[in-house]
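Source file: upload_7.cif; contents: mmCIF, C-alpha atoms.
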```cif
data_run
#
loop_
_atom_site.group_PDB
_atom_site.id
_atom_site.type_symbol
_atom_site.label_atom_id
_atom_site.label_comp_id
_atom_site.auth_asym_id
_atom_site.auth_seq_id
_atom_site.Cartn_x
_atom_site.Cartn_y
_atom_site.Cartn_z
ATOM 1 C CA MET Y 1484 -16.463 90.409 -81.560
ATOM 2 C CA GLU Y 1485 -13.625 87.924 -81.709
ATOM 3 C CA ILE Y 1486 -14.474 84.275 -81.247
ATOM 4 C CA GLY Y 1487 -12.204 83.818 -78.244
ATOM 5 C CA PHE Y 1488 -14.260 86.166 -76.131
ATOM 6 C CA LYS Y 1489 -17.540 84.536 -77.146
ATOM 7 C CA LYS Y 1490 -16.192 81.079 -76.367
ATOM 8 C CA ILE Y 1491 -15.109 82.180 -72.906
ATOM 9 C CA VAL Y 1492 -18.487 83.730 -72.169
ATOM 10 C CA CYS Y 1493 -20.106 80.446 -73.305
ATOM 11 C CA ASN Y 1494 -17.891 78.564 -70.850
ATOM 12 C CA LEU Y 1495 -18.809 80.949 -68.057
ATOM 13 C CA LEU Y 1496 -22.495 80.613 -68.772
ATOM 14 C CA GLY Y 1497 -22.327 76.935 -69.560
ATOM 15 C CA ILE Y 1498 -24.137 77.375 -72.872
ATOM 16 C CA THR Y 1499 -23.336 76.537 -76.495
ATOM 17 C CA ALA Y 1500 -22.215 79.051 -79.122
ATOM 18 C CA ARG Y 1501 -25.601 78.598 -80.766
ATOM 19 C CA SER Y 1502 -27.414 79.526 -77.561
ATOM 20 C CA TYR Y 1503 -25.128 82.516 -77.234
ATOM 21 C CA SER Y 1504 -26.184 83.747 -80.677
ATOM 22 C CA ASN Y 1505 -29.847 83.205 -79.850
ATOM 23 C CA TRP Y 1506 -29.493 85.006 -76.525
ATOM 24 C CA ALA Y 1507 -27.717 87.869 -78.251
ATOM 25 C CA LYS Y 1508 -30.562 88.113 -80.789
ATOM 26 C CA GLU Y 1509 -33.084 88.081 -77.958
ATOM 27 C CA LEU Y 1510 -31.069 90.905 -76.337
ATOM 28 C CA ARG Y 1511 -30.852 89.064 -73.061
ATOM 29 C CA PRO Y 1512 -29.301 91.423 -70.482
ATOM 30 C CA ILE Y 1513 -26.557 88.990 -69.462
ATOM 31 C CA ILE Y 1514 -25.174 89.066 -73.021
ATOM 32 C CA THR Y 1515 -25.391 92.860 -73.127
ATOM 33 C CA PHE Y 1516 -23.584 92.822 -69.788
ATOM 34 C CA PHE Y 1517 -20.609 90.974 -71.228
ATOM 35 C CA GLU Y 1518 -20.587 92.999 -74.406
ATOM 36 C CA LYS Y 1519 -20.447 96.182 -72.355
ATOM 37 C CA GLY Y 1520 -16.696 95.619 -71.992
ATOM 38 C CA TYR Y 1521 -16.375 95.836 -68.225
ATOM 39 C CA LEU Y 1522 -14.354 92.633 -68.361
ATOM 40 C CA ASN Y 1523 -12.092 91.637 -71.205
ATOM 41 C CA LYS Y 1524 -11.269 88.185 -72.523
ATOM 42 C CA ASN Y 1525 -8.189 87.766 -70.342
ATOM 43 C CA GLU Y 1526 -10.022 88.805 -67.212
ATOM 44 C CA LEU Y 1527 -12.857 86.363 -67.872
ATOM 45 C CA LYS Y 1528 -10.316 83.632 -68.575
ATOM 46 C CA GLU Y 1529 -8.555 84.551 -65.336
ATOM 47 C CA PHE Y 1530 -11.820 83.876 -63.506
ATOM 48 C CA LEU Y 1531 -12.333 80.528 -65.236
ATOM 49 C CA ASP Y 1532 -8.774 79.492 -64.366
ATOM 50 C CA THR Y 1533 -8.406 80.879 -60.852
ATOM 51 C CA GLY Y 1534 -11.880 81.826 -59.586
ATOM 52 C CA LYS Y 1535 -10.667 85.412 -59.196
ATOM 53 C CA ILE Y 1536 -10.304 88.609 -61.216
ATOM 54 C CA LYS Y 1537 -7.537 90.823 -59.898
ATOM 55 C CA LYS Y 1538 -9.049 94.004 -61.346
ATOM 56 C CA LEU Y 1539 -12.350 93.384 -59.553
ATOM 57 C CA ASP Y 1540 -10.621 92.315 -56.344
ATOM 58 C CA LEU Y 1541 -8.925 95.723 -56.271
ATOM 59 C CA ILE Y 1542 -12.161 97.687 -56.410
ATOM 60 C CA LYS Y 1543 -14.458 95.253 -54.625
ATOM 61 C CA LYS Y 1544 -14.307 96.846 -51.189
ATOM 62 C CA TYR Y 1545 -15.092 100.359 -52.405
ATOM 63 C CA SER Y 1546 -18.501 101.858 -53.045
ATOM 64 C CA PHE Y 1547 -18.983 103.925 -56.190
ATOM 65 C CA GLU Y 1548 -18.500 107.158 -54.223
ATOM 66 C CA GLU Y 1549 -15.369 105.939 -52.453
ATOM 67 C CA LEU Y 1550 -13.833 104.692 -55.662
ATOM 68 C CA GLN Y 1551 -14.661 107.886 -57.496
ATOM 69 C CA GLU Y 1552 -13.090 109.947 -54.735
ATOM 70 C CA LYS Y 1553 -9.958 107.812 -54.688
ATOM 71 C CA LEU Y 1554 -9.501 107.922 -58.439
ATOM 72 C CA THR Y 1555 -10.098 111.672 -58.638
ATOM 73 C CA ASN Y 1556 -7.916 112.566 -55.660
ATOM 74 C CA GLN Y 1557 -5.044 110.472 -56.777
ATOM 75 C CA GLN Y 1558 -5.225 111.733 -60.354
ATOM 76 C CA ASN Y 1559 -5.195 115.268 -59.021
ATOM 77 C CA ILE Y 1560 -2.163 114.534 -56.905
ATOM 78 C CA VAL Y 1561 -0.321 112.984 -59.801
ATOM 79 C CA ASN Y 1562 -1.142 115.842 -62.137
ATOM 80 C CA ASN Y 1563 -1.246 118.797 -59.850
ATOM 81 C CA GLU Y 1564 1.840 120.942 -59.921
ATOM 82 C CA GLU Y 1565 0.477 123.001 -57.082
ATOM 83 C CA LEU Y 1566 0.700 120.031 -54.776
ATOM 84 C CA MET Y 1567 4.181 119.243 -56.043
ATOM 85 C CA ILE Y 1568 5.183 122.779 -55.146
ATOM 86 C CA LYS Y 1569 3.871 122.230 -51.640
ATOM 87 C CA ASN Y 1570 6.027 119.149 -51.372
ATOM 88 C CA LEU Y 1571 8.980 121.190 -52.491
ATOM 89 C CA ILE Y 1572 8.266 123.929 -49.965
ATOM 90 C CA PHE Y 1573 8.083 121.231 -47.326
ATOM 91 C CA LYS Y 1574 11.613 120.180 -48.201
ATOM 92 C CA PHE Y 1575 12.733 123.773 -47.904
ATOM 93 C CA LEU Y 1576 11.162 123.976 -44.458
ATOM 94 C CA ILE Y 1577 12.733 120.761 -43.306
ATOM 95 C CA PHE Y 1578 16.146 121.773 -44.639
ATOM 96 C CA ASN Y 1579 15.731 125.106 -42.897
ATOM 97 C CA LYS Y 1580 19.279 126.439 -43.269
ATOM 98 C CA GLU Y 1581 19.208 130.106 -44.069
ATOM 99 C CA ALA Y 1582 22.656 130.775 -45.487
ATOM 100 C CA PRO Y 1583 22.623 127.959 -48.073
ATOM 101 C CA LEU Y 1584 19.101 128.987 -49.101
ATOM 102 C CA LEU Y 1585 20.203 132.589 -49.437
ATOM 103 C CA ILE Y 1586 22.850 131.526 -51.954
ATOM 104 C CA LEU Y 1587 20.240 129.549 -53.840
ATOM 105 C CA ARG Y 1588 17.875 132.502 -53.854
ATOM 106 C CA ASN Y 1589 20.601 134.829 -55.160
ATOM 107 C CA ILE Y 1590 21.429 132.423 -57.962
ATOM 108 C CA LEU Y 1591 17.783 131.947 -58.916
ATOM 109 C CA LYS Y 1592 17.189 135.703 -58.842
ATOM 110 C CA GLU Y 1593 19.867 136.213 -61.456
ATOM 111 C CA LEU Y 1594 18.897 133.201 -63.495
ATOM 112 C CA LYS Y 1595 17.613 133.979 -66.977
ATOM 113 C CA GLN Y 1596 16.844 130.431 -68.127
ATOM 114 C CA THR Y 1597 13.428 128.990 -67.419
ATOM 115 C CA ILE Y 1598 14.582 125.419 -67.920
ATOM 116 C CA LEU Y 1599 17.651 124.066 -66.219
ATOM 117 C CA GLU Y 1600 18.904 120.583 -65.380
ATOM 118 C CA LYS Y 1601 19.907 119.665 -61.842
ATOM 119 C CA ASN Y 1602 23.607 119.340 -62.724
ATOM 120 C CA ASP Y 1603 23.640 122.764 -64.362
ATOM 121 C CA LEU Y 1604 22.157 124.318 -61.246
ATOM 122 C CA ILE Y 1605 24.772 122.557 -59.114
ATOM 123 C CA GLY Y 1606 27.435 123.956 -61.462
ATOM 124 C CA LEU Y 1607 26.091 127.479 -60.907
ATOM 125 C CA ILE Y 1608 26.239 127.000 -57.141
ATOM 126 C CA ARG Y 1609 29.819 125.719 -57.366
ATOM 127 C CA ASN Y 1610 30.851 128.812 -59.336
ATOM 128 C CA TYR Y 1611 28.962 131.265 -57.135
ATOM 129 C CA GLN Y 1612 31.141 133.962 -55.647
ATOM 130 C CA SER Y 1613 30.412 136.475 -52.909
ATOM 131 C CA ASN Y 1614 32.561 138.589 -50.619
ATOM 132 C CA LEU Y 1615 29.703 139.105 -48.189
ATOM 133 C CA ILE Y 1616 29.299 135.533 -47.079
ATOM 134 C CA LYS Y 1617 31.684 133.962 -44.608
ATOM 135 C CA ASN Y 1618 32.568 130.285 -44.904
ATOM 136 C CA LEU Y 1619 31.293 130.374 -48.478
ATOM 137 C CA ILE Y 1620 32.752 127.011 -49.450
ATOM 138 C CA LYS Y 1621 31.122 125.235 -46.533
ATOM 139 C CA ILE Y 1622 27.778 126.951 -47.116
ATOM 140 C CA LYS Y 1623 27.890 126.180 -50.832
ATOM 141 C CA LYS Y 1624 28.416 122.522 -49.922
ATOM 142 C CA ASN Y 1625 25.175 122.654 -47.966
ATOM 143 C CA THR Y 1626 23.320 124.276 -50.866
ATOM 144 C CA ILE Y 1627 24.655 121.597 -53.212
ATOM 145 C CA PHE Y 1628 23.638 118.909 -50.738
ATOM 146 C CA PHE Y 1629 20.126 120.309 -50.637
ATOM 147 C CA ILE Y 1630 19.741 120.386 -54.412
ATOM 148 C CA ASP Y 1631 21.615 117.178 -55.134
ATOM 149 C CA LYS Y 1632 20.392 114.907 -52.358
ATOM 150 C CA LEU Y 1633 17.028 116.257 -51.290
ATOM 151 C CA LEU Y 1634 15.422 117.358 -54.555
ATOM 152 C CA THR Y 1635 14.406 115.158 -57.442
ATOM 153 C CA ASP Y 1636 15.112 116.160 -61.059
ATOM 154 C CA GLU Y 1637 11.427 117.033 -61.423
ATOM 155 C CA GLU Y 1638 11.501 119.233 -58.338
ATOM 156 C CA VAL Y 1639 14.548 121.117 -59.613
ATOM 157 C CA LYS Y 1640 12.679 121.826 -62.865
ATOM 158 C CA LEU Y 1641 9.673 122.945 -60.849
ATOM 159 C CA LEU Y 1642 11.846 125.100 -58.630
ATOM 160 C CA ILE Y 1643 13.231 126.915 -61.670
ATOM 161 C CA LYS Y 1644 9.811 127.263 -63.260
ATOM 162 C CA TYR Y 1645 8.120 128.623 -60.138
ATOM 163 C CA LYS Y 1646 11.098 130.215 -58.444
ATOM 164 C CA ASN Y 1647 9.251 133.427 -57.604
ATOM 165 C CA GLU Y 1648 6.297 131.677 -55.972
ATOM 166 C CA ILE Y 1649 8.532 129.303 -54.046
ATOM 167 C CA LEU Y 1650 10.982 131.953 -52.880
ATOM 168 C CA LEU Y 1651 8.107 134.137 -51.749
ATOM 169 C CA SER Y 1652 7.261 131.445 -49.232
ATOM 170 C CA PHE Y 1653 10.585 132.285 -47.636
ATOM 171 C CA ALA Y 1654 10.203 136.001 -47.423
ATOM 172 C CA ASN Y 1655 11.874 135.867 -44.023
ATOM 173 C CA ILE Y 1656 15.235 135.062 -45.584
ATOM 174 C CA GLU Y 1657 15.024 138.309 -47.585
ATOM 175 C CA ASP Y 1658 16.048 140.329 -44.539
ATOM 176 C CA ILE Y 1659 18.878 138.192 -43.337
ATOM 177 C CA GLU Y 1660 22.265 139.764 -43.387
ATOM 178 C CA ILE Y 1661 25.198 137.491 -43.309
ATOM 179 C CA ASN Y 1662 28.513 138.891 -42.302
ATOM 180 C CA MET R 1 -36.737 92.840 -56.505
ATOM 181 C CA THR R 2 -35.304 89.829 -54.677
ATOM 182 C CA PHE R 3 -31.870 88.531 -55.613
ATOM 183 C CA LYS R 4 -33.299 85.532 -57.500
ATOM 184 C CA GLU R 5 -35.687 87.838 -59.377
ATOM 185 C CA THR R 6 -32.786 90.077 -60.371
ATOM 186 C CA MET R 7 -30.756 87.101 -61.573
ATOM 187 C CA ALA R 8 -33.721 85.659 -63.471
ATOM 188 C CA LYS R 9 -34.256 88.977 -65.186
ATOM 189 C CA LEU R 10 -30.575 89.278 -66.059
ATOM 190 C CA PHE R 11 -30.607 85.858 -67.708
ATOM 191 C CA SER R 12 -34.183 86.228 -69.020
ATOM 192 C CA THR R 13 -34.995 82.859 -67.527
ATOM 193 C CA ALA R 14 -37.349 81.507 -64.882
ATOM 194 C CA GLU R 15 -36.257 81.921 -61.263
ATOM 195 C CA GLY R 16 -35.917 78.156 -61.021
ATOM 196 C CA THR R 17 -33.211 78.230 -63.673
ATOM 197 C CA TYR R 18 -31.059 80.400 -61.431
ATOM 198 C CA TYR R 19 -31.179 77.790 -58.652
ATOM 199 C CA LYS R 20 -30.540 75.012 -61.132
ATOM 200 C CA TRP R 21 -27.452 76.819 -62.440
ATOM 201 C CA LYS R 22 -26.308 77.534 -58.924
ATOM 202 C CA LYS R 23 -26.530 73.826 -58.095
ATOM 203 C CA GLU R 24 -24.653 73.025 -61.290
ATOM 204 C CA ASN R 25 -21.958 75.410 -60.087
ATOM 205 C CA ARG R 26 -21.905 77.367 -63.333
ATOM 206 C CA PRO R 27 -19.041 79.906 -63.197
ATOM 207 C CA ILE R 28 -21.282 82.854 -64.094
ATOM 208 C CA ILE R 29 -23.232 82.466 -60.851
ATOM 209 C CA ASN R 30 -20.038 82.609 -58.797
ATOM 210 C CA LEU R 31 -18.695 85.525 -60.829
ATOM 211 C CA LEU R 32 -21.780 87.658 -60.296
ATOM 212 C CA ALA R 33 -22.163 86.717 -56.645
ATOM 213 C CA LYS R 34 -18.502 87.383 -55.904
ATOM 214 C CA TYR R 35 -18.070 90.742 -57.567
ATOM 215 C CA PHE R 36 -21.436 92.396 -58.096
ATOM 216 C CA THR R 37 -24.083 93.529 -55.645
ATOM 217 C CA LYS R 38 -27.789 93.113 -56.242
ATOM 218 C CA GLU R 39 -28.039 96.910 -56.505
ATOM 219 C CA GLU R 40 -25.375 97.045 -59.200
ATOM 220 C CA LEU R 41 -27.092 94.353 -61.228
ATOM 221 C CA GLU R 42 -30.419 96.163 -60.848
ATOM 222 C CA GLU R 43 -28.729 99.382 -61.947
ATOM 223 C CA PHE R 44 -27.558 97.535 -65.038
ATOM 224 C CA LEU R 45 -31.061 96.210 -65.744
ATOM 225 C CA THR R 46 -32.553 99.684 -65.367
ATOM 226 C CA THR R 47 -29.937 101.908 -67.013
ATOM 227 C CA GLY R 48 -27.792 99.535 -69.078
ATOM 228 C CA GLU R 49 -24.735 100.562 -67.076
ATOM 229 C CA ILE R 50 -22.999 99.981 -63.755
ATOM 230 C CA SER R 51 -21.577 103.321 -62.690
ATOM 231 C CA LYS R 52 -18.821 101.819 -60.539
ATOM 232 C CA GLN R 53 -17.636 99.680 -63.441
ATOM 233 C CA GLU R 54 -17.757 102.691 -65.755
ATOM 234 C CA LEU R 55 -15.103 104.324 -63.536
ATOM 235 C CA THR R 56 -12.553 101.604 -64.142
ATOM 236 C CA LYS R 57 -13.718 100.305 -67.519
ATOM 237 C CA ASN R 58 -10.760 101.677 -69.465
ATOM 238 C CA LEU R 59 -8.148 101.258 -66.744
ATOM 239 C CA SER R 60 -5.683 98.381 -66.466
ATOM 240 C CA VAL R 61 -4.956 96.538 -63.212
ATOM 241 C CA ASN R 62 -1.695 98.475 -62.870
ATOM 242 C CA GLU R 63 -3.364 101.814 -63.443
ATOM 243 C CA ILE R 64 -6.048 101.054 -60.856
ATOM 244 C CA GLN R 65 -3.420 99.875 -58.417
ATOM 245 C CA GLU R 66 -1.521 103.106 -58.895
ATOM 246 C CA LEU R 67 -4.621 105.248 -58.505
ATOM 247 C CA ILE R 68 -6.126 103.640 -55.437
ATOM 248 C CA LYS R 69 -2.901 103.561 -53.464
ATOM 249 C CA ASP R 70 -3.768 104.383 -49.946
ATOM 250 C CA GLY R 71 -4.380 108.075 -49.350
ATOM 251 C CA HIS R 72 -0.686 108.218 -48.488
ATOM 252 C CA ASN R 73 0.114 111.343 -50.506
ATOM 253 C CA LYS R 74 -2.967 113.129 -49.268
ATOM 254 C CA LYS R 75 -2.028 112.459 -45.660
ATOM 255 C CA ILE R 76 1.524 113.694 -46.212
ATOM 256 C CA LEU R 77 0.203 116.905 -47.723
ATOM 257 C CA GLU R 78 -2.055 117.443 -44.734
ATOM 258 C CA GLN R 79 0.939 116.959 -42.460
ATOM 259 C CA ILE R 80 2.907 119.500 -44.481
ATOM 260 C CA GLU R 81 0.171 122.080 -43.988
ATOM 261 C CA GLU R 82 0.207 121.427 -40.251
ATOM 262 C CA LEU R 83 3.983 121.698 -40.087
ATOM 263 C CA LYS R 84 3.977 124.911 -42.077
ATOM 264 C CA LYS R 85 1.586 126.470 -39.588
ATOM 265 C CA LYS R 86 3.953 125.595 -36.749
ATOM 266 C CA LEU R 87 7.137 126.644 -38.494
ATOM 267 C CA VAL R 88 6.197 129.923 -40.168
#
```

Final structure tokens representation of the file:
Amino acid sequence: MEIGFKKIVCNLLGITARSYSNWAKELRPIITFFEKGYLNKNELKEFLDTGKIKKLDLIKKYSFEELQEKLTNQQNIVNNEELMIKNLIFKFLIFNKEAPLLILRNILKELKQTILEKNDLIGLIRNYQSNLIKNLIKIKKNTIFFIDKLLTDEEVKLLIKYKNEILLSFANIEDIEIN
Amino acid sequence: MTFKETMAKLFSTAEGTYYKWKKENRPIINLLAKYFTKEELEEFLTTGEISKQELTKNLSVNEIQELIKDGHNKKILEQIEELKKKLV
């Protein structure tokens, strides 16, 4: 163990380095406690300087169970694509404009690539042609707005990756006929 | 175990020493009193670990901050589910 850490523990305990060594030999629990690594040198120094340790202040109010739940839930949210997809579907629901989504669905249906950047998708929408859709330019503007302004780069990637699952959530737009 | 007994055991000293150190305002006494419960210290004496501390042992302040953010995301997701039910 580096000397800096030992010196700080000595200051916290109010003992000499010699006592520290003796206590360590005697396996006194308080020394084992510090050597466990729950608090590092900087955190112990922070306490000596300020009377506080930010890391411990953050977790102080939580019980073990509460903290465990928080850490697990949040990690799941961060890592869970399924939840990200739900967020994405939410944006679809909020946007809720059938014609622009129909264009998007048609483009995605034909799309062969599994990875596509946001700007490339916008390019595909810009170039999309159809004789069946009235006011195509205006509708395409709405589709571009949805992709460009409402979706993040990550969500566009996710949309491409899971296009079938996401579009299935909007089965009702399958039957829409636009004249 | 009373609190002073727990502390005495942790330091491997007589109970009187704990009071003496408390009077002397030694930082360790404040540190333990401020951030650790009697139960956690007893857990350490019995098992050699504090399970709550084990959870965050390898996490930085920033990582903890990020992870314990209020259940904001969770609440939003619950709202989405509710909205979906109404909309579909």

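Each of R:Phe11, R:Trp21, R:Phe3, R:Tyr35 was compared to Phe1530 (chain Y) using all atoms listed in the file, and R:Tyr35 turns out to be the nearest.
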
TODO: Let me know the residues the PyMOL selection byres ((chain R) within 6 of (chain Y)) catches in the file above, as a count of residues only.
DONE: 10

Shell of 10 Å around Leu41 (chain R), only C-alpha atoms, local chain residues under 4 positions omitted, as a compact mmCIF listing (two decimals) with C-alpha atoms, keeping the file's coordinate frame:
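As written to disk, result.txt reads:
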```txt
# COMPACT_ATOMS: atom_id res chain seq x y z
CA PRO Y 1512 -29.30 91.42 -70.48
CA ILE Y 1513 -26.56 88.99 -69.46
CA PHE Y 1516 -23.58 92.82 -69.79
CA PHE R 3 -31.87 88.53 -55.61
CA THR R 6 -32.79 90.08 -60.37
CA MET R 7 -30.76 87.10 -61.57
CA LYS R 9 -34.26 88.98 -65.19
CA LEU R 10 -30.58 89.28 -66.06
CA LEU R 32 -21.78 87.66 -60.30
CA PHE R 36 -21.44 92.40 -58.10
CA THR R 37 -24.08 93.53 -55.64
CA LEU R 45 -31.06 96.21 -65.74
CA THR R 46 -32.55 99.68 -65.37
CA THR R 47 -29.94 101.91 -67.01
CA GLY R 48 -27.79 99.54 -69.08
CA GLU R 49 -24.74 100.56 -67.08
CA ILE R 50 -23.00 99.98 -63.76
```

Task: Atom-to-atom span, CA of Asn62 (chain R) and CA of Asp1532 (chain Y), Å - done: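 Taking CA of Asn62 (chain R) as the start and CA of Asp1532 (chain Y) as the end point, the length is 20.3 Å.
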
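Close contacts of Thr1626 (chain Y), defined as residues with an atom at most 7 Å away when counting all atoms listed in the file, with chain neighbours fewer than 6 positions off set aside, comprise Pro1583, Leu1584 and Leu1587 of chain Y.
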
Would you mind listing what lies within 9 Å of Ala1500 (chain Y) as an mmCIF file with C-alpha atoms, in the frame of the given file, with all atoms listed in the file counted and same-chain residues fewer than 5 positions away left out?
```cif
data_model
loop_
_atom_site.group_PDB
_atom_site.id
_atom_site.type_symbol
_atom_site.label_atom_id
_atom_site.label_comp_id
_atom_site.auth_asym_id
_atom_site.auth_seq_id
_atom_site.Cartn_x
_atom_site.Cartn_y
_atom_site.Cartn_z
ATOM 1 C CA LYS Y 1489 -17.540 84.536 -77.146
ATOM 2 C CA LYS Y 1490 -16.192 81.079 -76.367
ATOM 3 C CA CYS Y 1493 -20.106 80.446 -73.305
ATOM 4 C CA ASN Y 1505 -29.847 83.205 -79.850
#
```

Task: Residue list as a ChimeraX atom specification for point (21.5, 116.9, -61.0), cut-off 6 Å, all atoms listed in the file - done: /Y:1601-1602,1631

- [ ] Measure the distance from CA of Ile1491 (chain Y) to CA of Met1 (chain R) in Å and round it to one decimal.
- [x]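 For CA of Ile1491 (chain Y) relative to CA of Met1 (chain R), the distance reads 29.2 Å.
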
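Counting from CA of Arg26 (chain R), the distance to CA of Ser60 (chain R) is 26.7 Å.
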
- [ ] Go through the shown structure with the PyMOL selection byres ((chain Y and resi 1638) around 10) and write out the matching residues as a list in words.
- [x] Glu1564, Met1567, Ile1568, Asn1570, Leu1571, Lys1601, Ile1630, Leu1633, Leu1634, Thr1635, Asp1636, Glu1637, Val1639, Lys1640, Leu1641, Leu1642, Ile1643 and Lys1644 of chain Y

TODO: Pick out the closest residue to Phe1575 (chain Y) from this set: Y:Lys1617, Y:Gly1487, Y:Lys1623, Y:Phe1629. Count all atoms listed in the file.
DONE: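 Result for the nearest residue to Phe1575 (chain Y): Y:Phe1629.
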
- [ ] May I ask which of the residues R:Asn25, R:Leu55, R:Phe44, R:Lys20 is the closest one to Phe1517 (chain Y), counting all atoms listed in the file?
- [x] R:Phe44

Open item on the list: Which residue is closest to Gly1606 (chain Y)? Choose from Y:Ile1627, Y:Asn1647, Y:Lys1621, Y:Lys1632 and count all atoms listed in the file.
Closed with: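 Smallest separation from Gly1606 (chain Y) among the options: Y:Ile1627.
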
- [ ] For the structure shown, which residues end up in the PyMOL selection byres ((chain Y and resi 1610) around 12)? Put them as JSON, numbers by chain, please?
- [x] {"Y": [1586, 1587, 1590, 1603, 1604, 1605, 1606, 1607, 1608, 1609, 1611, 1612, 1613, 1619, 1620, 1623, 1624, 1627]}
